[in-house]
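File shown here: data05.cif, holding mmCIF, C-alpha atoms.
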data_coords
loop_
_atom_site.label_atom_id
_atom_site.label_comp_id
_atom_site.auth_asym_id
_atom_site.auth_seq_id
_atom_site.Cartn_x
_atom_site.Cartn_y
_atom_site.Cartn_z
CA MET U 4 21.60 18.28 -24.80
CA ASP U 5 20.19 21.20 -22.86
CA ASP U 6 17.00 19.27 -22.52
CA THR U 7 18.68 16.34 -20.81
CA ASN U 8 20.40 18.67 -18.38
CA GLU U 9 17.16 19.92 -16.94
CA THR U 10 15.21 16.71 -16.71
CA SER U 11 17.81 14.21 -15.56
CA PHE U 12 19.69 13.83 -12.32
CA VAL U 13 23.11 15.53 -12.33
CA VAL U 14 25.36 13.67 -9.92
CA ASP U 15 28.22 16.17 -9.65
CA GLU U 16 26.04 19.09 -8.69
CA VAL U 17 24.30 17.10 -5.99
CA SER U 18 27.55 15.66 -4.69
CA ASN U 19 28.91 19.18 -4.14
CA VAL U 20 25.76 20.22 -2.32
CA ILE U 21 26.08 17.25 0.03
CA LYS U 22 29.75 17.84 0.80
CA GLU U 23 29.16 21.49 1.60
CA SER U 24 26.31 20.68 3.95
CA ILE U 25 28.29 18.05 5.85
CA GLU U 26 31.33 20.30 6.21
CA ALA U 27 29.23 23.18 7.45
CA THR U 28 27.46 21.11 10.11
CA ILE U 29 29.99 18.65 11.52
CA GLY U 30 33.20 19.67 9.73
CA SER U 31 35.30 20.39 12.77
CA GLN U 32 33.32 18.66 15.50
CA SER U 33 34.00 15.44 17.35
CA TYR U 34 31.32 12.95 18.22
CA GLN U 35 28.91 14.06 20.94
CA GLN U 36 25.94 11.91 21.77
CA ALA U 37 23.87 14.86 22.95
CA LYS U 38 24.22 16.77 19.70
CA ILE U 39 23.95 13.94 17.22
CA ASN U 40 20.20 14.38 16.84
CA THR U 41 20.48 18.02 15.83
CA TRP U 42 23.42 17.31 13.54
CA THR U 43 21.64 14.71 11.46
CA SER U 44 18.51 16.86 11.23
CA ASN U 45 20.53 19.90 10.23
CA ILE U 46 22.49 18.08 7.55
CA VAL U 47 19.36 16.65 6.01
CA GLU U 48 17.44 19.95 6.17
CA ALA U 49 20.32 21.90 4.64
CA ILE U 50 20.65 19.44 1.78
CA LEU U 51 16.94 19.47 1.07
CA ASN U 52 16.86 23.27 1.04
CA SER U 53 19.77 23.48 -1.38
CA LEU U 54 18.22 20.85 -3.63
CA THR U 55 14.92 22.69 -3.85
CA LYS U 56 16.80 25.84 -4.80
CA LEU U 57 18.05 24.02 -7.90
CA ASN U 58 14.46 24.27 -9.15
CA LYS U 59 14.32 20.92 -10.88
CA PRO U 60 11.15 18.82 -11.32
CA PHE U 61 12.23 16.12 -8.87
CA LYS U 62 11.08 14.44 -5.69
CA TYR U 63 14.02 13.97 -3.33
CA ILE U 64 14.89 11.44 -0.64
CA VAL U 65 17.86 12.31 1.56
CA SER U 66 19.21 9.77 4.03
CA CYS U 67 22.05 10.32 6.50
CA VAL U 68 23.90 7.76 8.64
CA ILE U 69 26.36 8.94 11.29
CA MET U 70 28.39 6.41 13.24
CA GLN U 71 30.92 6.75 15.99
CA LYS U 72 34.37 5.38 15.20
CA ASN U 73 34.73 2.31 17.32
CA GLY U 74 36.32 -0.32 15.15
CA ALA U 75 32.92 -1.66 14.16
CA GLY U 76 32.04 -2.28 10.55
CA LEU U 77 29.07 -0.82 8.68
CA HIS U 78 27.68 -1.50 5.24
CA THR U 79 24.85 0.21 3.44
CA ALA U 80 23.27 -0.82 0.16
CA SER U 81 20.33 0.40 -1.82
CA SER U 82 18.24 -1.03 -4.59
CA CYS U 83 15.84 1.06 -6.63
CA PHE U 84 13.02 0.45 -9.03
CA TRP U 85 12.66 3.56 -11.14
CA ASP U 86 13.13 5.10 -14.56
CA ASN U 87 16.80 4.83 -15.45
CA THR U 88 16.86 7.66 -17.91
CA THR U 89 15.58 10.38 -15.60
CA ASP U 90 16.18 9.25 -12.01
CA GLY U 91 19.44 8.92 -10.13
CA SER U 92 21.18 8.75 -6.80
CA CYS U 93 24.32 10.10 -5.22
CA THR U 94 26.08 8.80 -2.10
CA VAL U 95 28.86 10.62 -0.27
CA ARG U 96 31.11 9.08 2.41
CA TRP U 97 32.79 11.44 4.83
CA GLU U 98 34.86 10.92 7.94
CA ASN U 99 36.84 12.73 10.56
CA LYS U 100 38.79 11.51 13.60
CA SER U 101 35.79 10.47 15.64
CA MET U 102 32.94 9.58 13.29
CA TYR U 103 31.81 8.43 9.88
CA ALA U 104 28.98 9.98 7.88
CA ILE U 105 27.25 8.45 4.87
CA VAL U 106 24.71 10.59 3.04
CA SER U 107 22.56 9.33 0.16
CA VAL U 108 20.37 11.44 -2.06
CA PHE U 109 17.83 9.87 -4.41
CA GLY U 110 16.18 12.04 -7.04
CA LEU U 111 13.01 10.80 -8.73
CA SER U 112 11.60 12.79 -11.59
CA ILE U 113 8.00 13.86 -11.57
CA MET P 18 15.60 22.52 -56.17
CA THR P 19 12.83 23.41 -53.79
CA ASP P 20 11.09 20.16 -54.61
CA LEU P 21 14.20 18.29 -53.64
CA ASN P 22 14.47 20.15 -50.38
CA ILE P 23 10.87 19.52 -49.46
CA ALA P 24 11.22 15.90 -50.37
CA ILE P 25 14.22 15.42 -48.15
CA GLU P 26 12.57 17.21 -45.26
CA ASN P 27 9.56 14.98 -45.45
CA SER P 28 11.68 11.91 -45.71
CA SER P 29 13.70 12.77 -42.63
CA ALA P 30 10.50 13.30 -40.64
CA ASP P 31 9.25 9.93 -41.70
CA VAL P 32 12.55 8.32 -40.85
CA ARG P 33 12.48 9.60 -37.30
CA SER P 34 8.95 8.52 -36.55
CA SER P 35 9.47 5.06 -37.90
CA GLU P 36 12.74 4.75 -36.06
CA THR P 37 11.01 4.92 -32.75
CA HIS P 38 8.82 2.03 -33.77
CA GLY P 39 11.86 0.03 -34.77
CA TYR P 40 11.05 -0.59 -38.40
CA LYS P 41 14.49 -0.34 -39.88
CA SER P 42 13.66 -1.80 -43.23
CA ARG P 43 11.05 0.85 -43.85
CA ASN P 44 13.68 3.53 -43.49
CA THR P 45 15.73 2.25 -46.37
CA LEU P 46 12.74 1.86 -48.65
CA GLN P 47 11.59 5.37 -48.09
CA ARG P 48 14.96 6.87 -48.79
CA ASN P 49 15.17 5.06 -52.08
CA SER P 50 11.75 6.15 -53.05
CA ILE P 51 12.52 9.78 -52.34
CA LEU P 52 15.44 9.74 -54.75
CA ILE P 53 13.25 8.40 -57.51
CA SER P 54 10.15 10.44 -56.96
CA ASN P 55 12.03 13.68 -57.32
CA THR P 56 12.49 13.05 -61.01
CA GLY P 57 8.76 12.57 -61.33
CA GLY P 58 8.11 15.80 -59.50
CA ASN P 59 6.53 14.25 -56.39
CA THR P 60 7.17 15.69 -52.97
CA GLY P 61 7.59 12.23 -51.52
CA THR P 62 4.75 12.20 -49.04
CA ASN P 63 2.60 9.68 -50.83
CA THR P 64 4.12 6.35 -49.96
CA SER P 65 2.01 4.12 -52.18
CA ARG P 66 3.13 5.96 -55.28
CA ASN P 67 6.69 5.73 -54.07
CA PHE P 68 6.47 1.98 -53.68
CA ALA P 69 5.19 1.74 -57.23
CA ALA P 70 8.05 3.88 -58.43
CA LEU P 71 10.45 1.70 -56.49
CA GLN P 72 9.30 -1.42 -58.19
CA GLN P 73 10.03 0.04 -61.57
CA HIS P 74 13.51 1.29 -60.78
CA ARG P 75 15.11 -0.92 -58.21
CA GLN P 76 18.14 0.68 -56.66
CA SER P 77 20.12 -1.04 -54.03
CA SER P 78 21.61 1.07 -51.37
CA SER P 79 22.01 0.25 -47.77
CA ASN P 80 21.45 2.88 -45.16
CA SER P 81 21.76 2.17 -41.53
CA PHE P 82 20.76 4.54 -38.79
CA SER P 83 22.59 3.68 -35.62
CA ARG P 84 20.86 5.12 -32.62
CA SER P 85 23.33 7.31 -30.78
CA VAL P 86 22.94 8.33 -27.18
CA HIS P 87 22.14 11.92 -28.02
CA GLU P 88 19.20 11.02 -30.21
CA ARG P 89 17.61 8.73 -27.63
CA ARG P 90 13.99 9.59 -27.23
CA PHE P 91 12.20 9.76 -23.93
CA ILE P 92 9.13 7.59 -24.10
CA ARG P 93 5.95 9.60 -23.69
CA TYR P 94 3.04 7.69 -22.26
CA GLU P 95 -0.54 8.43 -23.09
CA ASN P 96 -2.54 10.37 -20.59
CA THR P 97 -4.48 8.17 -18.20
CA TYR P 98 -6.01 11.16 -16.40
CA ARG P 99 -5.26 9.46 -13.12
CA MET P 100 -3.77 11.65 -10.40
CA GLU P 101 -3.88 9.22 -7.48
CA PRO P 102 -3.72 5.49 -6.99
CA ASP P 103 -7.16 3.92 -7.09
CA ASP P 104 -8.60 2.08 -4.11
CA GLU P 105 -7.29 -1.35 -4.92
CA HIS P 106 -3.77 -0.14 -5.48
CA LYS P 107 -3.18 2.06 -2.46
CA VAL P 108 -0.01 1.10 -0.63
CA ASP P 109 -0.82 -1.27 2.20
CA LEU P 110 1.87 -0.69 4.82
CA VAL P 111 0.76 -3.54 7.06
CA ARG P 112 1.22 -6.06 4.30
CA ILE P 113 4.57 -4.62 3.30
CA ARG P 114 5.79 -4.73 6.88
CA HIS P 115 4.71 -8.32 7.17
CA VAL P 116 6.44 -9.42 3.98
CA THR P 117 9.66 -7.52 4.65
CA THR P 118 9.95 -8.65 8.26
CA SER P 119 9.67 -12.29 7.30
CA VAL P 120 12.28 -11.86 4.57
CA ILE P 121 14.75 -10.19 6.90
CA GLU P 122 14.24 -12.71 9.69
CA THR P 123 14.93 -15.67 7.44
CA VAL P 124 18.00 -14.02 5.98
CA ILE P 125 19.58 -12.83 9.20
CA ALA P 126 18.86 -15.97 11.24
CA GLY P 127 22.32 -17.53 11.18
CA TYR P 128 24.30 -14.59 9.86
CA LYS P 129 27.73 -13.81 11.23
CA TYR P 130 29.20 -10.47 10.27
CA ASP P 131 32.14 -10.90 7.92
CA ALA P 132 33.83 -7.72 6.71
CA ASN P 133 34.71 -9.19 3.30
CA GLN P 134 31.30 -10.60 2.55
CA ALA P 135 29.14 -7.95 4.13
CA GLN P 136 29.07 -5.72 1.08
CA GLN P 137 27.66 -8.38 -1.21
CA PHE P 138 25.30 -9.49 1.49
CA ALA P 139 23.89 -5.99 1.84
CA VAL P 140 23.43 -5.58 -1.90
CA ALA P 141 21.84 -9.00 -2.23
CA LEU P 142 19.43 -8.27 0.59
CA ALA P 143 18.45 -4.92 -0.95
CA ASP P 144 17.80 -6.59 -4.30
CA LEU P 145 15.81 -9.36 -2.68
CA ILE P 146 13.56 -6.94 -0.83
CA ARG P 147 13.08 -4.77 -3.91
CA ASN P 148 12.05 -7.80 -5.95
CA GLN P 149 9.57 -8.79 -3.25
CA MET P 150 8.10 -5.29 -3.37
CA LYS P 151 7.75 -5.51 -7.12
CA GLN P 152 5.64 -8.64 -6.75
CA LEU P 153 3.12 -6.75 -4.66
CA PRO P 154 0.25 -5.14 -6.59
CA PHE P 155 1.24 -1.50 -6.44
CA PRO P 156 1.55 -0.32 -10.02
CA ARG P 157 2.91 3.13 -10.86
CA TYR P 158 5.02 3.21 -7.72
CA LYS P 159 8.77 3.77 -7.81
CA ILE P 160 10.57 1.87 -5.07
CA VAL P 161 13.78 2.84 -3.27
CA THR P 162 15.16 0.29 -0.83
CA GLN P 163 17.99 1.11 1.55
CA VAL P 164 19.71 -1.51 3.70
CA CYS P 165 22.13 -0.82 6.55
CA ILE P 166 24.08 -3.70 8.11
CA GLY P 167 26.56 -3.36 10.93
CA GLU P 168 28.14 -5.23 13.76
CA LYS P 169 27.33 -4.31 17.32
CA LYS P 170 30.35 -3.21 19.29
CA GLY P 171 28.84 -0.75 21.67
CA GLN P 172 28.99 2.16 19.23
CA ASP P 173 26.33 4.73 18.69
CA LEU P 174 24.59 5.09 15.37
CA ARG P 175 21.90 7.35 14.01
CA ILE P 176 20.09 7.09 10.68
CA THR P 177 17.96 9.99 9.48
CA SER P 178 16.10 10.63 6.31
CA ARG P 179 13.94 13.39 5.01
CA CYS P 180 12.01 13.71 1.79
CA ILE P 181 10.38 16.19 -0.49
CA TRP P 182 7.33 14.44 -1.90
CA SER P 183 3.58 14.34 -1.88
CA ARG P 184 2.31 13.46 1.57
CA LYS P 185 -0.91 11.94 0.28
CA GLN P 186 0.53 9.58 -2.27
CA ASP P 187 4.03 8.70 -1.11
CA CYS P 188 5.10 6.79 1.97
CA HIS P 189 7.94 4.92 3.57
CA ILE P 190 8.53 2.13 6.04
CA THR P 191 11.50 1.33 8.29
CA ILE P 192 12.24 -2.02 9.89
CA THR P 193 15.10 -2.88 12.21
CA LYS P 194 16.07 -6.39 13.25
CA GLU P 195 18.91 -7.43 15.54
CA THR P 196 20.85 -10.50 16.55
CA PRO P 197 23.33 -10.47 19.44
CA ASP P 198 26.12 -9.20 17.22
CA VAL P 199 24.54 -7.81 14.03
CA TYR P 200 21.83 -5.28 13.31
CA VAL P 201 19.95 -4.67 10.06
CA THR P 202 17.93 -1.57 9.23
CA VAL P 203 15.83 -1.54 6.08
CA THR P 204 14.05 1.56 4.80
CA ILE P 205 11.71 1.34 1.82
CA PHE P 206 10.30 4.41 0.06
CA PHE P 207 7.29 4.27 -2.25
CA ILE P 208 6.93 7.17 -4.67
CA TYR P 209 3.87 7.50 -6.87
CA THR P 210 4.44 8.37 -10.51
CA GLU P 211 1.72 10.20 -12.35
#
Give the structure from the file, written as C-alpha cells.
Amino acid sequence: MDDTNETSFVVDEVSNVIKESIEATIGSQSYQQAKINTWTSNIVEAILNSLTKLNKPFKYIVSCVIMQKNGAGLHTASSCFWDNTTDGSCTVRWENKSMYAIVSVFGLSI
Amino acid sequence: MTDLNIAIENSSADVRSSETHGYKSRNTLQRNSILISNTGGNTGTNTSRNFAALQQHRQSSSNSFSRSVHERRFIRYENTYRMEPDDEHKVDLVRIRHVTTSVIETVIAGYKYDANQAQQFAVALADLIRNQMKQLPFPRYKIVTQVCIGEKKGQDLRITSRCIWSRKQDCHITITKETPDVYVTVTIFFIYTE
C-alpha cells in the first residue's frame, strides 16, 4: 500500500494545495481587470511550486480559468488519454462575490 | 516439516507468476501436485514429475484466487531504449491544428448556448477531440484535452495554464473559436511517455 501512495496521484493532497493557493492570491479581492493577469500567473506558479515540493515522479499540467460574475454561463470539460492506474486529475471550483475561479491539475506519471 | 515449508513457498511463487498471465487452471493443478509431492519428498519445483504424481492420485479440490485491488500488479513493459520520439512520430502541430479546427467549426456551426445541455456538449466535444487525436500517428504520447465553453455577455475571462514537463518532447496547442454568442477554447497537451 505504501508503494501505491508514492506512485499514484493523490487527489486530496492536491486539492488542498490548490485551495490554499487560490485563497492566498485572490481570497479577499474583487475583480480587477488590471490585476487579473498577475493573479492567474501567481495562482498557477504557486500551485506548481507546491506540487514540486511533494517530490513525486510526475509531470504536472495546471490550468486556471477566472471569470467575472456577469450572469453568463461557463462550462469546462476535459478528456484524457493516459494510464488510469498511475495518472489523475483534480479540479477545484471557487467563487467569491465578484468572480469565479476553476483550477484543474493533471498529474501524469513518468 | 522444512520440506513442506519449502514446497509451499515455491508453490506460492509459481501461483503469482502464472496469475499475471491469467492461467487460472494451472494454479489449481499446481496446488494439488504440491500436496502429493510432499509425501514423496519432492520440493515441488519440478512440474513434470508433479503432473505424473497427479495422474496417479487424483484429488479434486477447487481453489479460486480472486484478484483483489491490493494485489493488482502494475504492468512493466520491456525496455525499448528509446528516450525520444523518432522522426516519423514527432508531434506535428500544424496537422493537429488543422484537424482540431475543422472539428470545432463543424460542431459549433449552429450551436446555441443552453445551460442544461452545455455540460454534456462540453464533455462530448472533449471526447470527440481526444478520439481524433488518438487516430493520429503519435504513439507513446499521453493526451490531455481541455474544453471551455461559455456564452458571451460582455464579461471578462482569462484562461492560464502552466506545466512542468520536458520542453523537448512535450507540447501543447490552444484553439479558440467564436460565434456571435458563444465561444469555445480547446487546449490539448501532448506528454511523451518513456
Distance filter 6 Å, all atoms listed in the file, chain P against chain U, as an mmCIF file with C-alpha atoms, in the frame of the given file:
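Written out: part-v1.cif:
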data_model
loop_
_atom_site.group_PDB
_atom_site.id
_atom_site.type_symbol
_atom_site.label_atom_id
_atom_site.label_comp_id
_atom_site.auth_asym_id
_atom_site.auth_seq_id
_atom_site.Cartn_x
_atom_site.Cartn_y
_atom_site.Cartn_z
ATOM 1 C CA ALA P 139 23.890 -5.990 1.840
ATOM 2 C CA VAL P 140 23.430 -5.580 -1.900
ATOM 3 C CA ALA P 143 18.450 -4.920 -0.950
ATOM 4 C CA ASP P 144 17.800 -6.590 -4.300
ATOM 5 C CA LYS P 159 8.770 3.770 -7.810
ATOM 6 C CA ILE P 160 10.570 1.870 -5.070
ATOM 7 C CA VAL P 161 13.780 2.840 -3.270
ATOM 8 C CA THR P 162 15.160 0.290 -0.830
ATOM 9 C CA GLN P 163 17.990 1.110 1.550
ATOM 10 C CA VAL P 164 19.710 -1.510 3.700
ATOM 11 C CA CYS P 165 22.130 -0.820 6.550
ATOM 12 C CA ILE P 166 24.080 -3.700 8.110
ATOM 13 C CA GLY P 167 26.560 -3.360 10.930
ATOM 14 C CA GLU P 168 28.140 -5.230 13.760
ATOM 15 C CA LYS P 170 30.350 -3.210 19.290
ATOM 16 C CA GLN P 172 28.990 2.160 19.230
ATOM 17 C CA ASP P 173 26.330 4.730 18.690
ATOM 18 C CA LEU P 174 24.590 5.090 15.370
ATOM 19 C CA ARG P 175 21.900 7.350 14.010
ATOM 20 C CA ILE P 176 20.090 7.090 10.680
ATOM 21 C CA THR P 177 17.960 9.990 9.480
ATOM 22 C CA SER P 178 16.100 10.630 6.310
ATOM 23 C CA ARG P 179 13.940 13.390 5.010
ATOM 24 C CA CYS P 180 12.010 13.710 1.790
ATOM 25 C CA ILE P 181 10.380 16.190 -0.490
ATOM 26 C CA TRP P 182 7.330 14.440 -1.900
#
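What the PyMOL selection byres ((chain P and resi 158) around 8) picks from this file is Phe155, Pro156, Arg157, Lys159, Ile160, Phe207, Ile208, Tyr209 and Thr210 of chain P.
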Practice problem: Might you pull out every residue within 12 Å of Ser31 (chain U), with all atoms listed in the file counted and same-chain residues fewer than 2 positions away left off, and present them as a count of residues only? | Solution: 12
Exercise. Using only C-alpha atoms, pick whichever of P:Gln137, P:Ser183, P:Gln149, P:Thr193 has the shortest atom-to-atom distance to Ile113 (chain P).
Key: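 When distances to Ile113 (chain P) are compared using only C-alpha atoms, the smallest one comes from P:Gln149.
Interatomic distance, CA of Met100 (chain P) against CA of Glu211 (chain P): 6.0 Å.
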Quiz item: Which value, in Å to one decimal, gives the distance between CA of Ser24 (chain U) and CA of Thr204 (chain P)?
Solution: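 Going from CA of Ser24 (chain U) over to CA of Thr204 (chain P) covers 22.7 Å.
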Quiz item: Do you know which residues the PyMOL selection byres ((chain P and resi 123-127) around 9) returns on this file, as a list in words?
Solution: Thr118, Ser119, Val120, Ile121, Glu122, Tyr128, Lys129, Leu142, Lys194, Glu195, Thr196, Val199, Tyr200 and Val201 of chain P
Self-check item: Ground truth for the PyMOL selection byres ((chain U and resi 12) around 8), written as a list in words
Solution: Asn8, Thr10, Ser11, Val13, Val14, Thr89, Asp90, Gly91, Ser92 and Gly110 of chain U
Self-check item: Atom pair CA of Ile205 (chain P) / CA of Pro102 (chain P): separation (Å)
Solution: 18.2 Å
Practice problem: Identify which of the residues P:Lys169, P:Val116, P:Asn133, P:Pro197 lies closest to Asn148 (chain P), counting all atoms listed in the file when measuring atom-to-atom distances. | Solution: P:Val116
Taking all atoms of region 41-55 of chain U that appear in the file, build a box with edges along x, y and z, extend it by 8 Å on every side, and state its centre and edge lengths in Å to one decimal, as lines of an AutoDock Vina configuration file.
center_x = 19.2
center_y = 19.1
center_z = 6.0
size_x = 24.5
size_y = 24.8
size_z = 35.7
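Restricting the calculation to only C-alpha atoms, the smallest distance between Val20 (chain U) and any of U:Ala49, U:Pro60, U:Arg96, U:Gln32 is found for U:Ala49.
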